[in-house]
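Participant: So I've got this file, target-v5.csv, and it contains CSV, C-alpha atoms:
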```csv
chain,number,residue,atom,x,y,z
A,390,MET,CA,68.1,-34.3,-55.2
A,391,LYS,CA,71.3,-33.6,-56.9
A,392,ILE,CA,73.0,-36.6,-58.6
A,393,LEU,CA,76.5,-36.6,-60.1
A,394,VAL,CA,76.9,-38.5,-63.3
A,395,THR,CA,80.6,-38.9,-64.3
A,396,GLY,CA,81.1,-39.4,-68.0
A,397,GLY,CA,77.7,-37.9,-68.5
A,398,PHE,CA,78.3,-36.9,-72.1
A,399,GLY,CA,79.2,-40.5,-73.0
A,400,PHE,CA,76.9,-43.1,-74.6
A,401,ILE,CA,75.3,-44.6,-71.6
A,402,GLY,CA,75.9,-41.6,-69.4
A,403,SER,CA,73.9,-39.2,-71.6
A,404,HIS,CA,71.0,-41.6,-71.8
A,405,THR,CA,71.0,-42.0,-68.0
A,406,VAL,CA,71.1,-38.2,-67.5
A,407,VAL,CA,67.9,-38.0,-69.7
A,408,GLU,CA,66.1,-40.7,-67.6
A,409,LEU,CA,67.2,-39.0,-64.3
A,410,GLN,CA,65.9,-35.6,-65.4
A,411,ASN,CA,62.7,-37.2,-66.6
A,412,GLU,CA,62.3,-38.5,-63.0
A,413,GLY,CA,62.8,-35.1,-61.5
A,414,PHE,CA,66.4,-35.3,-60.4
A,415,GLU,CA,68.8,-32.4,-60.6
A,416,VAL,CA,71.9,-33.7,-62.5
A,417,VAL,CA,75.5,-32.4,-62.5
A,418,ILE,CA,77.8,-33.9,-65.1
A,419,ILE,CA,81.5,-34.3,-65.0
A,420,ASP,CA,83.2,-35.1,-68.3
A,421,ASN,CA,86.7,-34.4,-69.7
A,422,LEU,CA,85.5,-34.8,-73.3
A,423,SER,CA,88.2,-37.4,-74.0
A,424,ASN,CA,85.7,-39.6,-75.9
A,425,SER,CA,82.6,-37.4,-76.1
A,426,SER,CA,81.4,-34.0,-77.1
A,427,GLU,CA,79.7,-31.0,-75.5
A,428,GLU,CA,77.2,-31.1,-78.3
A,429,VAL,CA,75.6,-34.0,-76.4
A,430,LEU,CA,74.2,-31.4,-74.0
A,431,GLU,CA,72.0,-30.0,-76.8
A,432,GLY,CA,70.5,-33.4,-77.3
A,433,ILE,CA,69.8,-33.8,-73.6
A,434,VAL,CA,68.1,-30.4,-73.4
A,435,ALA,CA,66.1,-31.1,-76.5
A,436,ILE,CA,64.7,-34.3,-75.0
A,437,THR,CA,64.1,-33.2,-71.4
A,438,ASP,CA,63.7,-29.4,-71.7
A,439,LYS,CA,66.1,-29.2,-68.8
A,440,THR,CA,69.8,-28.2,-68.7
A,441,PRO,CA,72.0,-30.2,-66.4
A,442,LEU,CA,74.9,-28.6,-64.6
A,443,TYR,CA,78.2,-29.4,-66.2
A,444,GLU,CA,81.8,-29.2,-65.1
A,445,LYS,CA,84.8,-30.1,-67.4
A,446,ILE,CA,87.0,-32.0,-65.0
A,447,ASP,CA,89.7,-34.7,-65.6
A,448,LEU,CA,89.0,-37.1,-62.7
A,449,ARG,CA,92.7,-38.1,-62.7
A,450,GLU,CA,93.4,-34.7,-61.1
A,451,LYS,CA,92.8,-35.3,-57.4
A,452,GLU,CA,92.6,-31.7,-56.4
A,453,ALA,CA,90.0,-31.0,-59.0
A,454,VAL,CA,87.9,-33.9,-57.6
A,455,GLN,CA,88.3,-32.5,-54.1
A,456,SER,CA,87.2,-29.0,-55.2
A,457,PHE,CA,84.2,-30.4,-57.0
A,458,PHE,CA,82.8,-32.2,-53.9
A,459,LYS,CA,83.5,-29.1,-51.7
A,460,LYS,CA,81.5,-27.0,-54.2
A,461,HIS,CA,78.7,-29.6,-54.5
A,462,GLU,CA,78.3,-30.8,-50.9
A,463,ASP,CA,74.6,-31.6,-51.6
A,464,VAL,CA,75.3,-34.4,-54.1
A,465,ALA,CA,73.0,-37.2,-52.9
A,466,GLY,CA,74.3,-40.0,-55.2
A,467,VAL,CA,76.9,-40.7,-57.8
A,468,ILE,CA,76.6,-42.7,-61.0
A,469,HIS,CA,80.1,-43.4,-62.2
A,470,PHE,CA,80.5,-44.0,-65.9
A,471,ALA,CA,83.8,-42.2,-66.6
A,472,ALA,CA,86.2,-44.8,-67.9
A,473,SER,CA,88.1,-46.0,-70.9
A,474,LYS,CA,86.2,-48.9,-72.3
A,475,ALA,CA,87.6,-50.6,-75.4
A,476,VAL,CA,88.9,-54.2,-75.0
A,477,GLY,CA,91.3,-54.1,-77.9
A,478,GLU,CA,92.8,-50.7,-77.0
A,479,SER,CA,93.3,-51.8,-73.4
A,480,VAL,CA,95.4,-54.8,-74.5
A,481,GLY,CA,97.6,-52.4,-76.4
A,482,ASN,CA,97.7,-49.6,-73.8
A,483,PRO,CA,97.1,-51.2,-70.4
A,484,LEU,CA,98.6,-48.5,-68.2
A,485,LEU,CA,96.3,-45.9,-69.6
A,486,TYR,CA,93.4,-48.1,-68.6
A,487,TYR,CA,94.7,-48.7,-65.1
A,488,GLU,CA,95.3,-45.0,-64.6
A,489,ASN,CA,92.0,-43.8,-66.0
A,490,ASN,CA,89.7,-46.4,-64.6
A,491,ILE,CA,91.2,-47.2,-61.2
A,492,THR,CA,92.8,-43.9,-60.0
A,493,THR,CA,89.6,-41.9,-60.8
A,494,LEU,CA,87.4,-44.4,-58.9
A,495,VAL,CA,89.7,-44.1,-55.8
A,496,TYR,CA,89.6,-40.3,-55.8
A,497,ILE,CA,85.8,-40.3,-56.0
A,498,LEU,CA,85.4,-42.8,-53.2
A,499,GLN,CA,87.8,-40.9,-51.0
A,500,GLU,CA,85.5,-37.9,-51.2
A,501,LEU,CA,82.4,-40.0,-50.7
A,502,GLU,CA,83.8,-41.6,-47.5
A,503,LYS,CA,83.8,-38.2,-45.9
A,504,LYS,CA,80.0,-38.1,-46.2
A,505,PRO,CA,77.7,-39.4,-43.4
A,506,ASP,CA,75.7,-41.2,-46.1
A,507,ALA,CA,76.9,-41.9,-49.7
A,508,ASN,CA,75.2,-43.7,-52.5
A,509,PHE,CA,77.2,-45.0,-55.4
A,510,ILE,CA,76.3,-46.8,-58.7
A,511,PHE,CA,79.2,-48.4,-60.5
A,512,SER,CA,79.2,-49.0,-64.2
A,513,SER,CA,80.6,-52.5,-64.3
A,514,SER,CA,80.7,-55.2,-67.0
A,515,CYS,CA,80.0,-58.8,-67.8
A,516,THR,CA,83.7,-59.0,-68.6
A,517,VAL,CA,84.4,-59.7,-65.0
A,518,TYR,CA,83.0,-63.2,-65.6
A,519,GLY,CA,85.6,-63.9,-68.3
A,520,GLN,CA,84.5,-66.9,-70.4
A,521,ALA,CA,81.9,-68.2,-68.0
A,522,GLU,CA,81.4,-71.9,-67.9
A,523,LYS,CA,77.6,-71.9,-67.9
A,524,MET,CA,75.1,-69.8,-69.9
A,525,PRO,CA,73.1,-67.8,-69.1
A,526,ILE,CA,75.4,-66.1,-66.6
A,527,THR,CA,74.0,-65.4,-63.1
A,528,GLU,CA,75.5,-63.0,-60.5
A,529,ASN,CA,76.7,-66.1,-58.6
A,530,ALA,CA,79.0,-67.1,-61.5
A,531,PRO,CA,82.6,-67.0,-60.5
A,532,VAL,CA,84.5,-63.7,-61.2
A,533,GLN,CA,87.4,-64.9,-63.2
A,534,GLN,CA,90.7,-63.3,-64.2
A,535,PRO,CA,89.5,-61.2,-67.2
A,536,MET,CA,90.9,-61.6,-70.6
A,537,SER,CA,91.8,-57.9,-71.1
A,538,PRO,CA,93.1,-55.0,-69.0
A,539,TYR,CA,89.8,-53.3,-69.5
A,540,GLY,CA,87.9,-56.2,-67.9
A,541,ASN,CA,90.5,-56.3,-65.1
A,542,THR,CA,89.9,-52.7,-64.3
A,543,LYS,CA,86.2,-53.5,-63.8
A,544,LYS,CA,87.1,-56.5,-61.6
A,545,ILE,CA,89.5,-54.5,-59.5
A,546,GLY,CA,87.0,-51.6,-59.4
A,547,GLU,CA,84.4,-53.9,-57.9
A,548,GLU,CA,86.9,-55.1,-55.3
A,549,ILE,CA,87.8,-51.6,-54.3
A,550,ILE,CA,84.2,-50.6,-53.8
A,551,ILE,CA,83.4,-53.7,-51.7
A,552,ASP,CA,86.5,-53.1,-49.5
A,553,ALA,CA,85.6,-49.4,-49.1
A,554,ALA,CA,82.0,-50.0,-48.3
A,555,LYS,CA,83.0,-52.3,-45.4
A,556,VAL,CA,84.6,-49.5,-43.4
A,557,THR,CA,82.6,-46.4,-44.6
A,558,ASN,CA,79.1,-45.1,-45.0
A,559,ILE,CA,79.2,-45.8,-48.7
A,560,ASN,CA,76.3,-48.0,-50.1
A,561,ALA,CA,76.8,-49.2,-53.6
A,562,ILE,CA,75.2,-51.1,-56.5
A,563,LEU,CA,77.4,-52.8,-59.1
A,564,LEU,CA,75.6,-53.0,-62.4
A,565,ARG,CA,77.3,-55.6,-64.7
A,566,TYR,CA,76.0,-54.9,-68.1
A,567,PHE,CA,76.4,-56.8,-71.2
A,568,ASN,CA,76.5,-55.0,-74.7
A,569,PRO,CA,74.7,-51.7,-74.8
A,570,ILE,CA,73.5,-50.6,-78.3
A,571,GLY,CA,71.0,-48.3,-80.0
A,572,SER,CA,70.1,-44.7,-79.3
A,573,HIS,CA,67.3,-42.6,-77.9
A,574,PRO,CA,64.1,-42.9,-80.0
A,575,SER,CA,64.2,-39.2,-80.6
A,576,ALA,CA,67.7,-39.6,-82.3
A,577,GLU,CA,68.8,-36.6,-80.3
A,578,ILE,CA,71.5,-38.6,-78.5
A,579,GLY,CA,73.3,-41.8,-79.4
A,580,GLU,CA,76.6,-43.6,-79.6
A,581,LEU,CA,79.2,-41.3,-81.2
A,582,PRO,CA,82.7,-42.8,-81.0
A,583,ILE,CA,85.6,-40.5,-81.7
A,584,GLY,CA,87.8,-42.0,-84.5
A,585,VAL,CA,87.4,-45.6,-85.6
A,586,PRO,CA,84.6,-47.3,-83.6
A,587,GLN,CA,85.7,-50.0,-81.1
A,588,ASN,CA,82.2,-51.5,-80.8
A,589,LEU,CA,80.3,-53.6,-83.3
A,590,VAL,CA,77.1,-51.6,-83.8
A,591,PRO,CA,78.5,-48.2,-84.6
A,592,PHE,CA,81.0,-49.8,-87.0
A,593,ILE,CA,78.0,-51.6,-88.6
A,594,THR,CA,76.0,-48.3,-89.0
A,595,GLN,CA,79.0,-46.4,-90.3
A,596,THR,CA,79.7,-49.1,-92.8
A,597,GLY,CA,76.0,-49.1,-93.8
A,598,PHE,CA,76.2,-45.4,-94.4
A,599,GLY,CA,79.4,-45.8,-96.5
A,600,LEU,CA,81.9,-44.2,-94.0
A,601,ARG,CA,83.7,-47.6,-93.7
A,602,ALA,CA,84.5,-49.8,-96.7
A,603,GLU,CA,83.5,-53.0,-94.9
A,604,LEU,CA,83.0,-54.5,-91.5
A,605,SER,CA,85.6,-57.0,-90.1
A,606,VAL,CA,84.0,-60.0,-88.3
A,607,PHE,CA,86.6,-61.3,-85.9
A,608,GLY,CA,86.5,-65.1,-86.2
A,609,ASP,CA,83.9,-67.5,-87.7
A,610,ASP,CA,85.4,-70.6,-86.0
A,611,TYR,CA,83.9,-70.2,-82.5
A,612,PRO,CA,81.9,-73.1,-81.1
A,613,THR,CA,78.6,-71.3,-81.7
A,614,PRO,CA,75.7,-72.0,-84.1
A,615,ASP,CA,77.1,-69.8,-86.9
A,616,GLY,CA,80.8,-69.7,-85.8
A,617,THR,CA,80.7,-66.0,-84.7
A,618,ALA,CA,81.0,-64.7,-81.2
A,619,VAL,CA,77.7,-64.4,-79.2
A,620,ARG,CA,76.8,-61.4,-76.9
A,621,ASP,CA,73.8,-60.1,-75.1
A,622,TYR,CA,72.8,-56.8,-76.8
A,623,ILE,CA,70.7,-54.5,-74.7
A,624,HIS,CA,69.1,-51.2,-75.8
A,625,VAL,CA,70.8,-48.3,-74.1
A,626,VAL,CA,67.5,-46.7,-72.9
A,627,ASP,CA,66.6,-49.9,-71.1
A,628,LEU,CA,70.0,-49.9,-69.5
A,629,ALA,CA,69.7,-46.2,-68.5
A,630,LYS,CA,66.4,-46.8,-66.8
A,631,ALA,CA,67.9,-49.6,-64.7
A,632,HIS,CA,70.4,-47.0,-63.3
A,633,VAL,CA,67.7,-44.8,-62.1
A,634,ILE,CA,65.9,-47.7,-60.5
A,635,ALA,CA,69.1,-48.8,-58.8
A,636,LEU,CA,69.8,-45.3,-57.5
A,637,GLN,CA,66.2,-45.0,-56.1
A,638,ARG,CA,66.8,-48.3,-54.3
A,639,LEU,CA,69.8,-46.8,-52.5
A,640,LEU,CA,68.2,-43.4,-51.8
A,641,ASN,CA,65.1,-45.1,-50.3
A,642,LYS,CA,67.4,-47.5,-48.3
A,643,LYS,CA,65.8,-50.6,-49.9
A,644,ASN,CA,69.2,-52.3,-50.4
A,645,LEU,CA,69.7,-55.4,-48.4
A,646,ASP,CA,73.5,-55.3,-48.4
A,647,LYS,CA,76.1,-52.6,-48.4
A,648,VAL,CA,77.0,-53.6,-51.9
A,649,GLU,CA,74.6,-55.3,-54.3
A,650,THR,CA,75.3,-56.7,-57.7
A,651,PHE,CA,72.9,-57.0,-60.7
A,652,ASN,CA,73.3,-58.3,-64.3
A,653,LEU,CA,71.8,-56.0,-66.9
A,654,GLY,CA,71.0,-57.7,-70.2
A,655,THR,CA,68.1,-59.1,-72.3
A,656,GLY,CA,68.8,-62.7,-71.3
A,657,LYS,CA,69.3,-63.6,-75.0
A,658,GLY,CA,72.5,-64.1,-76.9
A,659,SER,CA,72.9,-62.9,-80.5
A,660,SER,CA,75.8,-63.7,-82.8
A,661,VAL,CA,77.7,-61.1,-84.8
A,662,LEU,CA,76.1,-62.4,-88.0
A,663,GLU,CA,72.7,-62.2,-86.4
A,664,VAL,CA,73.4,-58.5,-85.5
A,665,ILE,CA,74.5,-57.9,-89.1
A,666,HIS,CA,71.3,-59.6,-90.4
A,667,SER,CA,69.2,-57.5,-88.1
A,668,PHE,CA,70.8,-54.3,-89.4
A,669,GLU,CA,70.1,-55.4,-93.0
A,670,LYS,CA,66.5,-56.2,-92.1
A,671,VAL,CA,65.8,-52.8,-90.5
A,672,SER,CA,67.8,-50.7,-92.9
A,673,GLY,CA,67.1,-52.5,-96.2
A,674,LYS,CA,70.8,-52.4,-96.9
A,675,LYS,CA,73.3,-55.1,-97.7
A,676,LEU,CA,76.3,-54.9,-95.4
A,677,PRO,CA,79.7,-55.6,-96.8
A,678,TYR,CA,81.8,-57.6,-94.4
A,679,LYS,CA,84.7,-60.0,-94.3
A,680,ILE,CA,85.9,-62.7,-91.9
A,681,VAL,CA,89.2,-61.9,-90.2
A,682,PRO,CA,91.2,-63.7,-87.5
A,683,ARG,CA,89.9,-63.7,-83.9
A,684,ARG,CA,90.8,-60.6,-81.8
A,685,GLU,CA,92.9,-61.0,-78.7
A,686,GLY,CA,90.9,-60.5,-75.5
A,687,ASP,CA,87.5,-61.7,-77.0
A,688,ILE,CA,85.5,-64.5,-75.5
A,689,THR,CA,83.2,-67.0,-77.2
A,690,GLU,CA,79.9,-66.1,-75.7
A,691,ALA,CA,78.3,-64.2,-72.9
A,692,TYR,CA,74.6,-63.6,-72.2
A,693,ALA,CA,72.8,-62.8,-69.0
A,694,ASN,CA,70.5,-64.4,-66.6
A,695,THR,CA,68.5,-61.4,-65.6
A,696,ASP,CA,66.2,-63.0,-63.0
A,697,LYS,CA,67.7,-61.0,-60.1
A,698,ALA,CA,67.3,-57.6,-61.8
A,699,ASN,CA,63.8,-58.6,-62.9
A,700,ASP,CA,62.7,-59.8,-59.4
A,701,VAL,CA,64.6,-57.5,-57.0
A,702,LEU,CA,64.8,-54.3,-59.0
A,703,GLY,CA,61.5,-54.8,-60.8
A,704,TRP,CA,63.4,-54.0,-64.1
A,705,LYS,CA,63.2,-55.8,-67.4
A,706,ALA,CA,64.7,-55.0,-70.8
A,707,GLN,CA,61.8,-54.1,-73.2
A,708,SER,CA,63.4,-53.6,-76.6
A,709,THR,CA,64.2,-56.2,-79.2
A,710,LEU,CA,67.4,-56.5,-81.2
A,711,ASP,CA,65.7,-55.2,-84.3
A,712,GLU,CA,64.3,-52.2,-82.4
A,713,ALA,CA,67.7,-51.4,-81.0
A,714,MET,CA,69.3,-51.7,-84.4
A,715,ALA,CA,66.6,-49.5,-86.0
A,716,SER,CA,67.3,-46.8,-83.4
A,717,ALA,CA,71.0,-47.0,-84.0
A,718,TRP,CA,70.5,-46.6,-87.8
A,719,LYS,CA,68.1,-43.7,-87.3
A,720,TRP,CA,70.8,-42.0,-85.2
A,721,GLU,CA,73.5,-42.7,-87.7
A,722,GLN,CA,71.4,-41.2,-90.5
A,723,LYS,CA,70.6,-38.1,-88.4
A,724,ILE,CA,74.2,-37.2,-87.5
A,725,ARG,CA,75.4,-37.7,-91.1
A,726,SER,CA,72.6,-35.6,-92.7
```
In structure tokens, what does this structure look like?

Facilitator:
Amino acid sequence: MKILVTGGFGFIGSHTVVELQNEGFEVVIIDNLSNSSEEVLEGIVAITDKTPLYEKIDLREKEAVQSFFKKHEDVAGVIHFAASKAVGESVGNPLLYYENNITTLVYILQELEKKPDANFIFSSSCTVYGQAEKMPITENAPVQQPMSPYGNTKKIGEEIIIDAAKVTNINAILLRYFNPIGSHPSAEIGELPIGVPQNLVPFITQTGFGLRAELSVFGDDYPTPDGTAVRDYIHVVDLAKAHVIALQRLLNKKNLDKVETFNLGTGKGSSVLEVIHSFEKVSGKKLPYKIVPRREGDITEAYANTDKANDVLGWKAQSTLDEAMASAWKWEQKIRS
């Protein structure tokens, strides 16, 4: 079966391509290389010994999307990662995020609604919960007005998919993930942000390697055990495997509703300082950091209740924080060598 992975050269996308190919799927990647590199293809091939199809397309170009689906009529499922994803950047440039994350989703769904049977996996986020009132967060927690334009694009994206599924043959699974980190154990692929990293772990590893003078910790006055913000950090390989399981659920018509939602996390919250200490433990390096004011758009804490994914999908995160940080450090060392 041919599966389309949009944003397939990105961090989570590339790891998902690996897991799909390991399960025998034929993969076609769409990526515009706005925040990724074609070199990722070499890593995917090195791990799987298979070369996915690839088309460089900007999904904001409607005619290009239409042409792709005419050419690849046999696509049996779509896993949609392609999106801008930085909270801070979205606050400063909201229109870019609405164009890139919403328009592209609509164009893909418009092509899928032409099919007699369409299977769609959406890369959503725990940001749709805003600052949830109860921890850990279940799928039944209220979706709140997100605290950033990025989070809002995920909330709106979910609503669009739900509305479209009601009147089309589209079946969808919304995967709300928490904070993906780490890299493939082979260190052939990993997180490779262009420019200054927007996420915590690559900034930590770059600082550990000496590329950054020091890490900024945004706030130490949160109502948490050590005053720093708490998140649920999940190994990217665990996350990628969940996408394959969710896709197989749709392909095998095991879904109970037209649109299903699952949290993907470890079920455990870790503070920024705990992540730093984990890095120091696995790397043997002391990390220079300073406390700076809170960042607009950030929440206090978020970690998942994963019971539904565990019970319904039969999926569970396997890797520890230390294992994820060790893989991230191994990747950083490899790409700088």

Participant: Excluding Met390 of chain A and any residue of its chain fewer than 4 positions from it, enumerate the residues within 9 Å of it, using all atoms listed in the file, and give them as an NGL selection string.

Facilitator: :A and (413-416 or 463-466)

Participant: With distances taken over all atoms listed in the file, which of A:Glu478, A:Glu428, A:Asp609, A:Glu663 is nearest to Glu685 of chain A?

Facilitator: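 Smallest distance to Glu685 of chain A is found for A:Glu478.
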
Participant: Please measure the separation of atom CA of Glu431 of chain A and atom CA of Gly399 of chain A, giving the value in Å to one decimal.

Facilitator: 13.3 Å

Participant: Just give me the residues with any atom within 12 Å of (85.4, -37.1, -44.6), file coordinates, counting all atoms listed in the file, written as number ranges by chain.

Facilitator: A: 455, 458-459, 462, 497-507, 557-559

Participant: Which one is closest to Lys705 of chain A: A:Arg725, A:His624, A:Lys445, A:Lys544? Count only C-alpha atoms.

Facilitator: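 Among A:Arg725, A:His624, A:Lys445, A:Lys544, it is A:His624 that comes nearest to Lys705 of chain A.
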
Participant: Name the residues in contact with segment 646-658 of chain A at a cut-off of 7 Å, using only C-alpha atoms, excluding same-chain residues fewer than 6 positions from it; report them as an MDAnalysis selection string.

Facilitator: chainID A and resid 528 551 554 560:567 619:623 628 692:695 697:698 706

Participant: Give the answer as one residue: which of A:Lys543, A:Lys719, A:Lys630, A:Lys674 has the shortest atom-to-atom distance to Pro591 of chain A, using all atoms listed in the file?

Facilitator: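 For Pro591 of chain A, the nearest of the given residues is A:Lys719.
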
Participant: May I ask for the distance between atom CA of Leu600 of chain A and atom CA of Val429 of chain A, given in Å to one decimal place?

Facilitator: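 Computed distance, atom CA of Leu600 of chain A to atom CA of Val429 of chain A, equals 21.3 Å.
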
Participant: Leaving out Thr493 of chain A and any residue of its chain fewer than 5 positions from it, which residues lie within 8 Å of it when counting all atoms listed in the file, given as a PyMOL selection string?

Facilitator: chain A and resi 448-449+488

Participant: How many Å separate atom CA of Leu430 of chain A from atom CA of Gly477 of chain A?

Facilitator: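 Those two atoms sit 28.7 Å apart.
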
Participant: With only C-alpha atoms as the atoms that count, which of A:Ile526, A:Leu640, A:Ala553, A:Ile401 lies nearest to Pro569 of chain A?

Facilitator: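 Smallest distance to Pro569 of chain A is found for A:Ile401.
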
Participant: Show me the residues around (90.6, -63.0, -82.9) - criterion: an atom at most 6 Å away, only C-alpha atoms counted - as a VMD selection string.

Facilitator: chain A and resid 607 to 608 682 to 685
